[in-house]
file work_14.cif (mmCIF, C-alpha atoms)
data_my_file
loop_
_atom_site.label_atom_id
_atom_site.label_comp_id
_atom_site.auth_asym_id
_atom_site.auth_seq_id
_atom_site.Cartn_x
_atom_site.Cartn_y
_atom_site.Cartn_z
CA MET A 1 110.79 -18.50 77.71
CA ALA A 2 114.19 -16.81 77.55
CA LEU A 3 114.77 -13.84 79.81
CA SER A 4 116.05 -10.56 78.51
CA LYS A 5 119.63 -9.57 79.34
CA ASP A 6 118.46 -7.01 81.93
CA ALA A 7 116.04 -9.44 83.55
CA LYS A 8 118.74 -12.10 83.74
CA GLY A 9 121.10 -9.64 85.37
CA PHE A 10 118.42 -8.71 87.88
CA VAL A 11 117.66 -12.38 88.71
CA ASP A 12 121.34 -13.25 89.04
CA GLY A 13 121.76 -10.29 91.37
CA VAL A 14 118.84 -11.31 93.56
CA VAL A 15 119.90 -14.98 93.62
CA GLY A 16 123.43 -14.00 94.46
CA TYR A 17 122.20 -11.69 97.17
CA LEU A 18 119.92 -14.30 98.68
CA SER A 19 122.53 -17.03 98.34
CA ASN A 20 124.84 -15.19 100.75
CA ASP A 21 127.32 -14.35 98.06
CA ARG A 22 127.13 -10.73 99.20
CA ARG A 23 129.57 -9.31 101.68
CA SER A 24 127.18 -6.80 103.12
CA GLN A 25 125.69 -7.78 106.45
CA ASP A 26 123.31 -4.92 106.91
CA SER A 27 120.26 -6.06 105.02
CA VAL A 28 118.62 -9.46 104.68
CA PRO A 29 120.04 -12.02 107.12
CA LYS A 30 122.06 -14.95 105.80
CA VAL A 31 120.32 -18.30 105.63
CA SER A 32 122.41 -19.48 108.57
CA GLU A 33 121.05 -16.54 110.57
CA LEU A 34 117.51 -17.76 109.95
CA PHE A 35 118.15 -20.80 112.16
CA ARG A 36 117.11 -19.90 115.66
CA LYS A 37 117.45 -21.97 118.80
CA VAL A 38 114.70 -24.53 119.04
CA THR A 39 112.00 -23.43 121.46
CA ALA A 40 110.89 -25.48 124.47
CA LYS A 41 107.50 -26.01 122.88
CA ALA A 42 109.09 -27.29 119.66
CA LEU A 43 111.20 -29.75 121.62
CA LYS A 44 107.99 -31.49 122.70
CA GLU A 45 106.60 -31.73 119.16
CA LYS A 46 106.73 -35.03 117.34
CA THR A 47 105.73 -33.77 113.92
CA ALA A 48 107.39 -31.23 111.63
CA ASN A 49 105.55 -29.61 108.76
CA VAL A 50 107.92 -29.21 105.84
CA GLU A 51 107.01 -27.15 102.80
CA THR A 52 109.31 -27.42 99.82
CA ALA A 53 109.45 -25.56 96.54
CA ILE A 54 110.18 -28.76 94.60
CA VAL A 55 109.83 -32.44 95.37
CA PHE A 56 112.69 -33.45 97.68
CA SER A 57 114.58 -36.66 97.14
CA ALA A 58 114.60 -39.36 99.81
CA SER A 59 118.18 -38.50 100.71
CA GLN A 60 117.31 -34.83 101.14
CA LEU A 61 114.38 -35.74 103.39
CA ALA A 62 116.60 -38.08 105.35
CA LEU A 63 119.12 -35.32 105.91
CA LEU A 64 116.37 -32.96 107.03
CA SER A 65 114.92 -35.56 109.35
CA GLN A 66 118.32 -36.23 110.84
CA ALA A 67 119.01 -32.56 111.40
CA LEU A 68 115.65 -32.09 113.12
CA GLU A 69 116.28 -35.15 115.28
CA THR A 70 119.59 -33.68 116.37
CA LEU A 71 117.95 -30.36 117.17
CA THR A 72 114.95 -31.71 119.11
CA GLY A 73 116.66 -34.71 120.63
CA HIS A 74 114.01 -37.13 119.44
CA THR A 75 112.61 -38.61 116.27
CA VAL A 76 110.39 -36.22 114.34
CA GLU A 77 107.85 -37.29 111.77
CA LEU A 78 107.99 -35.16 108.60
CA ASN A 79 104.74 -33.95 107.12
CA VAL A 80 105.95 -32.83 103.66
CA ARG A 81 104.00 -30.63 101.27
CA VAL A 82 105.19 -29.12 97.98
CA ASP A 83 104.46 -25.43 97.48
CA PRO A 84 105.89 -24.00 94.20
CA ALA A 85 105.17 -20.48 95.44
CA LEU A 86 108.24 -20.83 97.66
CA ILE A 87 110.35 -20.70 94.42
CA ALA A 88 113.33 -22.46 96.01
CA GLY A 89 114.37 -23.69 99.48
CA PHE A 90 112.02 -24.87 102.22
CA ARG A 91 109.99 -23.87 105.25
CA ILE A 92 109.96 -26.03 108.40
CA THR A 93 107.43 -25.52 111.20
CA VAL A 94 107.80 -27.44 114.45
CA GLY A 95 105.33 -26.08 116.97
CA ASP A 96 106.16 -22.39 117.28
CA TRP A 97 109.65 -22.81 115.80
CA VAL A 98 109.80 -21.80 112.15
CA VAL A 99 112.70 -21.88 109.73
CA ASP A 100 112.02 -20.35 106.35
CA THR A 101 114.89 -20.59 103.87
CA SER A 102 112.67 -20.23 100.81
CA LEU A 103 113.51 -17.54 98.28
CA SER A 104 109.94 -16.36 98.57
CA GLY A 105 110.31 -16.04 102.34
CA GLN A 106 113.62 -14.23 101.98
CA LEU A 107 112.15 -11.83 99.45
CA GLU A 108 109.26 -11.15 101.83
CA ALA A 109 111.77 -10.58 104.65
CA MET A 110 113.62 -8.20 102.37
CA GLU A 111 110.36 -6.41 101.59
CA THR A 112 109.60 -6.06 105.31
CA LEU A 113 113.08 -4.72 105.95
CA LEU A 114 112.86 -2.22 103.12
CA LEU A 115 109.42 -1.04 104.11
CA MET B 1 43.42 153.15 130.19
CA GLU B 2 40.13 154.39 128.82
CA GLN B 3 42.12 156.54 126.36
CA LEU B 4 43.76 153.36 125.19
CA GLY B 5 40.35 151.72 124.73
CA ILE B 6 40.71 149.28 127.54
CA GLU B 7 37.76 148.75 129.82
CA PRO B 8 39.01 147.96 133.30
CA LYS B 9 35.87 146.02 134.15
CA LEU B 10 36.04 144.06 131.01
CA LEU B 11 39.64 143.47 131.53
CA ALA B 12 39.00 142.29 135.02
CA ALA B 13 36.24 140.03 133.78
CA GLN B 14 38.47 138.65 131.07
CA LEU B 15 41.19 138.06 133.63
CA VAL B 16 38.74 136.21 135.81
CA ASN B 17 37.55 134.24 132.80
CA PHE B 18 41.04 133.51 131.79
CA SER B 19 41.98 132.45 135.31
CA ILE B 20 38.98 130.19 135.46
CA ILE B 21 39.76 128.72 132.05
CA LEU B 22 43.39 128.33 133.05
CA PHE B 23 42.42 126.66 136.25
CA VAL B 24 39.98 124.35 134.53
CA LEU B 25 42.38 123.53 131.73
CA THR B 26 45.17 122.99 134.18
CA LYS B 27 43.09 120.72 136.34
CA LEU B 28 41.25 118.82 133.64
CA LEU B 29 43.64 118.69 130.73
CA TYR B 30 47.18 119.81 131.36
CA THR B 31 47.90 117.79 134.48
CA PRO B 32 46.50 114.50 133.15
CA ILE B 33 48.18 114.98 129.80
CA LEU B 34 51.41 115.79 131.54
CA SER B 35 50.96 112.77 133.71
CA ILE B 36 50.26 110.62 130.69
CA LEU B 37 53.26 112.05 128.88
CA GLU B 38 55.41 111.49 131.93
CA LYS B 39 54.20 107.95 132.18
CA ARG B 40 54.78 107.38 128.51
CA LYS B 41 58.26 108.87 128.76
CA LYS B 42 58.99 106.57 131.63
CA GLN B 43 57.74 103.61 129.67
CA ILE B 44 59.86 104.59 126.69
CA GLU B 45 62.88 105.01 128.93
CA GLU B 46 62.20 101.64 130.50
CA GLY B 47 61.78 100.16 127.03
CA LEU B 48 65.06 101.67 125.89
CA LEU B 49 66.76 100.43 129.03
CA LEU B 50 65.33 97.00 128.47
CA THR B 51 66.42 97.14 124.88
CA GLU B 52 69.92 98.09 125.95
CA LYS B 53 69.88 95.34 128.49
CA MET B 54 68.61 92.89 125.91
CA LYS B 55 71.29 93.99 123.46
CA ALA B 56 73.95 93.52 126.11
CA GLU B 57 72.45 90.16 126.96
CA GLU B 58 72.40 89.25 123.29
CA ILE B 59 76.04 90.21 122.90
CA LYS B 60 76.84 88.22 125.98
CA MET B 61 74.90 85.26 124.62
CA GLU B 62 76.62 85.62 121.27
CA GLU B 63 80.01 85.58 122.98
CA LYS B 64 78.97 82.61 125.01
CA LYS B 65 77.73 80.89 121.88
CA GLU B 66 81.02 81.60 120.11
CA LYS B 67 82.91 80.30 123.10
CA LEU B 68 80.80 77.19 123.16
CA LEU B 69 81.19 76.72 119.42
CA ASP B 70 84.95 77.15 119.76
CA GLN B 71 85.02 74.61 122.53
CA ALA B 72 82.81 72.28 120.52
CA ARG B 73 85.11 72.70 117.50
CA LYS B 74 88.13 71.97 119.69
CA ASP B 75 86.41 68.98 121.26
CA ALA B 76 85.38 67.72 117.86
CA HIS B 77 88.93 68.16 116.59
CA VAL B 78 90.28 66.25 119.58
CA ILE B 79 87.70 63.51 119.07
CA ILE B 80 88.48 63.29 115.36
CA GLU B 81 92.21 63.19 116.06
CA GLU B 82 91.73 60.51 118.69
CA GLY B 83 89.49 58.62 116.32
CA LYS B 84 92.09 58.84 113.57
CA LYS B 85 94.79 57.72 115.99
CA GLN B 86 92.68 54.82 117.21
CA ALA B 87 91.76 53.92 113.65
CA LYS B 88 95.45 53.89 112.71
CA GLU B 89 96.27 51.71 115.68
CA GLU B 90 93.42 49.38 114.81
CA GLU B 91 94.57 49.34 111.21
CA LYS B 92 98.07 48.41 112.36
CA GLU B 93 96.66 45.70 114.61
CA ILE B 94 94.47 44.35 111.80
CA ILE B 95 97.41 44.32 109.38
CA ALA B 96 99.65 42.64 111.96
CA LYS B 97 96.97 40.05 112.68
CA ALA B 98 96.40 39.51 108.98
CA HIS B 99 100.15 38.95 108.53
CA MET B 100 100.17 36.51 111.41
CA ASP B 101 97.12 34.70 110.05
CA ALA B 102 98.68 34.57 106.60
CA GLU B 103 101.91 33.20 108.07
CA GLU B 104 99.94 30.62 110.01
CA VAL B 105 98.05 29.61 106.88
CA MET B 106 101.31 29.43 104.93
CA GLU B 107 102.96 27.39 107.66
CA LYS B 108 100.00 25.06 107.82
CA ALA B 109 99.95 24.73 104.04
CA LYS B 110 103.69 24.03 104.01
CA LYS B 111 103.26 21.36 106.65
CA GLU B 112 100.36 19.83 104.76
CA ILE B 113 102.36 19.86 101.53
CA GLU B 114 105.34 18.34 103.33
CA HIS B 115 103.10 15.72 104.90
CA LEU B 116 101.53 14.95 101.51
CA ARG B 117 104.96 14.78 99.90
CA GLU B 118 106.18 12.40 102.61
CA GLU B 119 103.04 10.29 102.25
CA MET B 120 103.45 10.17 98.49
CA GLU B 121 107.11 9.25 98.81
CA LYS B 122 106.18 6.57 101.32
CA GLN B 123 103.48 5.22 99.00
CA MET B 124 105.82 5.34 96.02
CA LYS B 125 108.54 3.59 97.98
CA LYS B 126 106.07 0.95 99.16
CA GLN B 127 104.72 0.40 95.65
CA THR B 128 108.22 0.31 94.18
CA ILE B 129 109.40 -2.22 96.74
CA GLU B 130 106.28 -4.35 96.38
CA THR B 131 106.58 -4.26 92.60
CA ALA B 132 110.29 -5.05 92.72
CA ILE B 133 109.71 -7.97 95.08
CA LEU B 134 106.84 -9.29 92.98
CA MET B 135 108.96 -8.91 89.87
CA ALA B 136 111.86 -10.66 91.56
CA LYS B 137 109.58 -13.53 92.60
CA ARG B 138 108.19 -13.95 89.09
CA LEU B 139 111.55 -13.64 87.40
CA LEU B 140 113.19 -16.02 89.85
CA ASP B 141 110.40 -18.52 89.45
CA ARG B 142 110.69 -18.34 85.66
CA SER B 143 114.46 -18.33 85.52
CA LEU B 144 115.44 -20.97 88.09
CA ASP B 145 115.32 -24.44 86.70
CA VAL B 146 114.80 -27.56 88.81
CA ALA B 147 118.55 -28.22 89.00
CA LYS B 148 119.21 -24.78 90.40
CA LYS B 149 116.34 -25.10 92.86
CA LEU B 150 117.72 -28.44 94.00
CA GLU B 151 121.15 -26.92 94.39
CA ILE B 152 119.73 -24.16 96.58
CA SER B 153 117.74 -26.66 98.63
CA ASP B 154 120.81 -28.84 99.13
CA LYS B 155 122.80 -25.87 100.28
CA HIS B 156 120.14 -24.92 102.81
CA ILE B 157 119.81 -28.51 104.07
CA LYS B 158 123.56 -28.61 104.63
CA GLU B 159 123.40 -25.35 106.52
CA LEU B 160 120.58 -26.69 108.70
CA GLU B 161 122.59 -29.84 109.31
CA SER B 162 125.60 -27.80 110.28
CA PHE B 163 123.43 -25.67 112.60
CA SER B 164 121.92 -28.75 114.25
CA LYS B 165 125.37 -30.10 115.02
CA SER B 166 126.58 -26.85 116.49
CA ASN B 167 123.58 -26.58 118.88
#
call {"tool": "encode", "arguments": {"input": "work_14.cif", "output": "structure tokens"}}
result
Amino acid sequence: MALSKDAKGFVDGVVGYLSNDRRSQDSVPKVSELFRKVTAKALKEKTANVETAIVFSASQLALLSQALETLTGHTVELNVRVDPALIAGFRITVGDWVVDTSLSGQLEAMETLLL
Amino acid sequence: MEQLGIEPKLLAAQLVNFSIILFVLTKLLYTPILSILEKRKKQIEEGLLLTEKMKAEEIKMEEKKEKLLDQARKDAHVIIEEGKKQAKEEEKEIIAKAHMDAEEVMEKAKKEIEHLREEMEKQMKKQTIETAILMAKRLLDRSLDVAKKLEISDKHIKELESFSKSN
């Protein structure tokens, strides 16, 4: 279904905003700011729960796995689940360490900030 | 005396009779009547004196009554004036209190209105934000195709990779 001109403008604005195209730093954090130092508890975890908005390719999963290995210092088994409600992006949970880059998560963060 | 027709014996007898009658009348009638009259006169004089005394007493009482009435009138006037004064003061106090109460009520009402306004604004803001976020989610979900979603995911994976290397 085609979006109206206004709706398209609104979506483009939100996507642009959430894709760090904005210059303003005073509202929703950039995606890079969502990555926090891995906690001690997470370092001991061997499994990472990964929720994705769409089905990830093998190469994407490999890159994720590699990044998590670098962060934890050991091999981490990925437990992948697709959740379309995330809209785009992904959410990784390793123990008590959570990284949520999903558009849904960012919109919810924006909502929390605005409220 | 005989030439004049006066009998000396008869005259003497009449004198004796008269003296006796005089004596008897004096003793039996005149003196008691006089005494009674004297007594009566005394009573009347006493009555008159008493009457005078009573009149004087009455005048005195009347004066006293007038004085008392005057004093009572003055006292009543003072009491009424004091009552009026007190009533005015009480009226002022009541009015002042009523003003204060009214101001308090107004202030309270203003605060309540302000509180309600703030609550409504808060609710409106919350609803607007929630609606906007929900709308954004739905619109994004409908407008982003798989390619765009992949592009976003790739970008985020690269950022995570970059973060992992820097830590």
call {"tool": "residues_near_point", "arguments": {"input": "work_14.cif", "point": "(121.2, -33.2, 112.1)", "cutoff": "10 Å", "atoms": "all atoms listed in the file", "output": "ChimeraX atom specification"}}
result
/A:62-73 /B:157-167
call {"tool": "closest_residue", "arguments": {"input": "work_14.cif", "among": "B:Glu104, B:Glu45, B:Glu151, B:Asp141", "to": "chain A", "atoms": "all atoms listed in the file"}}
result
B:Asp141
call {"tool": "closest_residue", "arguments": {"input": "work_14.cif", "among": "A:Thr39, A:Thr75, A:Thr52, A:Thr93", "to": "chain B", "atoms": "all atoms listed in the file"}}
result
A:Thr52
call {"tool": "atom_distance", "arguments": {"input": "work_14.cif", "atom1": "atom CA of Met120 of chain B", "atom2": "atom CA of Asp6 of chain A"}}
result
28.2 Å
call {"tool": "atom_distance", "arguments": {"input": "work_14.cif", "atom1": "atom CA of Leu25 of chain B", "atom2": "atom CA of Ala13 of chain B"}}
result
17.7 Å
call {"tool": "residues_around", "arguments": {"input": "work_14.cif", "residues": "segment 80-91 of chain A", "least_positions_apart": "5", "cutoff": "8 Å", "atoms": "all atoms listed in the file", "output": "list of chain:residue names"}}
result
A:Asn49, A:Val50, A:Glu51, A:Thr52, A:Ala53, A:Ile54, A:Val55, A:Val98, A:Val99, A:Asp100, A:Thr101, A:Ser102, A:Leu103, A:Ser104, A:Gly105, B:Lys137, B:Leu140, B:Asp141, B:Lys149, B:Leu150, B:Ile152, B:Ser153, B:His156
call {"tool": "write_last_selection", "arguments": {"input": "work_14.cif", "atoms": "C-alpha atoms", "output": "PDB file, in the coordinates of the input"}}
result
ATOM      1  CA  ASN A  49     105.550 -29.610 108.760  1.00  0.00           C
ATOM      2  CA  VAL A  50     107.920 -29.210 105.840  1.00  0.00           C
ATOM      3  CA  GLU A  51     107.010 -27.150 102.800  1.00  0.00           C
ATOM      4  CA  THR A  52     109.310 -27.420  99.820  1.00  0.00           C
ATOM      5  CA  ALA A  53     109.450 -25.560  96.540  1.00  0.00           C
ATOM      6  CA  ILE A  54     110.180 -28.760  94.600  1.00  0.00           C
ATOM      7  CA  VAL A  55     109.830 -32.440  95.370  1.00  0.00           C
ATOM      8  CA  VAL A  98     109.800 -21.800 112.150  1.00  0.00           C
ATOM      9  CA  VAL A  99     112.700 -21.880 109.730  1.00  0.00           C
ATOM     10  CA  ASP A 100     112.020 -20.350 106.350  1.00  0.00           C
ATOM     11  CA  THR A 101     114.890 -20.590 103.870  1.00  0.00           C
ATOM     12  CA  SER A 102     112.670 -20.230 100.810  1.00  0.00           C
ATOM     13  CA  LEU A 103     113.510 -17.540  98.280  1.00  0.00           C
ATOM     14  CA  SER A 104     109.940 -16.360  98.570  1.00  0.00           C
ATOM     15  CA  GLY A 105     110.310 -16.040 102.340  1.00  0.00           C
TER      16      GLY A 105
ATOM     17  CA  LYS B 137     109.580 -13.530  92.600  1.00  0.00           C
ATOM     18  CA  LEU B 140     113.190 -16.020  89.850  1.00  0.00           C
ATOM     19  CA  ASP B 141     110.400 -18.520  89.450  1.00  0.00           C
ATOM     20  CA  LYS B 149     116.340 -25.100  92.860  1.00  0.00           C
ATOM     21  CA  LEU B 150     117.720 -28.440  94.000  1.00  0.00           C
ATOM     22  CA  ILE B 152     119.730 -24.160  96.580  1.00  0.00           C
ATOM     23  CA  SER B 153     117.740 -26.660  98.630  1.00  0.00           C
ATOM     24  CA  HIS B 156     120.140 -24.920 102.810  1.00  0.00           C
TER      25      HIS B 156
END
call {"tool": "closest_residue", "arguments": {"input": "work_14.cif", "among": "A:Ala40, A:Thr47, A:Asn79, A:Phe35", "to": "chain B", "atoms": "all atoms listed in the file"}}
result
A:Phe35
call {"tool": "atom_distance", "arguments": {"input": "work_14.cif", "atom1": "atom CA of Tyr30 of chain B", "atom2": "atom CA of Ile44 of chain B"}}
result
20.4 Å
call {"tool": "resolve_selection", "arguments": {"input": "work_14.cif", "expression": "the PyMOL selection byres ((chain B and resi 133) around 10)", "output": "mmCIF file with C-alpha atoms, in the coordinates of the input"}}
result
data_model
loop_
_atom_site.group_PDB
_atom_site.id
_atom_site.type_symbol
_atom_site.label_atom_id
_atom_site.label_comp_id
_atom_site.auth_asym_id
_atom_site.auth_seq_id
_atom_site.Cartn_x
_atom_site.Cartn_y
_atom_site.Cartn_z
ATOM 1 C CA VAL A 14 118.840 -11.310 93.560
ATOM 2 C CA SER A 104 109.940 -16.360 98.570
ATOM 3 C CA LEU A 107 112.150 -11.830 99.450
ATOM 4 C CA GLU A 108 109.260 -11.150 101.830
ATOM 5 C CA MET A 110 113.620 -8.200 102.370
ATOM 6 C CA GLU A 111 110.360 -6.410 101.590
ATOM 7 C CA GLN B 127 104.720 0.400 95.650
ATOM 8 C CA THR B 128 108.220 0.310 94.180
ATOM 9 C CA ILE B 129 109.400 -2.220 96.740
ATOM 10 C CA GLU B 130 106.280 -4.350 96.380
ATOM 11 C CA THR B 131 106.580 -4.260 92.600
ATOM 12 C CA ALA B 132 110.290 -5.050 92.720
ATOM 13 C CA LEU B 134 106.840 -9.290 92.980
ATOM 14 C CA MET B 135 108.960 -8.910 89.870
ATOM 15 C CA ALA B 136 111.860 -10.660 91.560
ATOM 16 C CA LYS B 137 109.580 -13.530 92.600
ATOM 17 C CA ARG B 138 108.190 -13.950 89.090
ATOM 18 C CA LEU B 139 111.550 -13.640 87.400
#
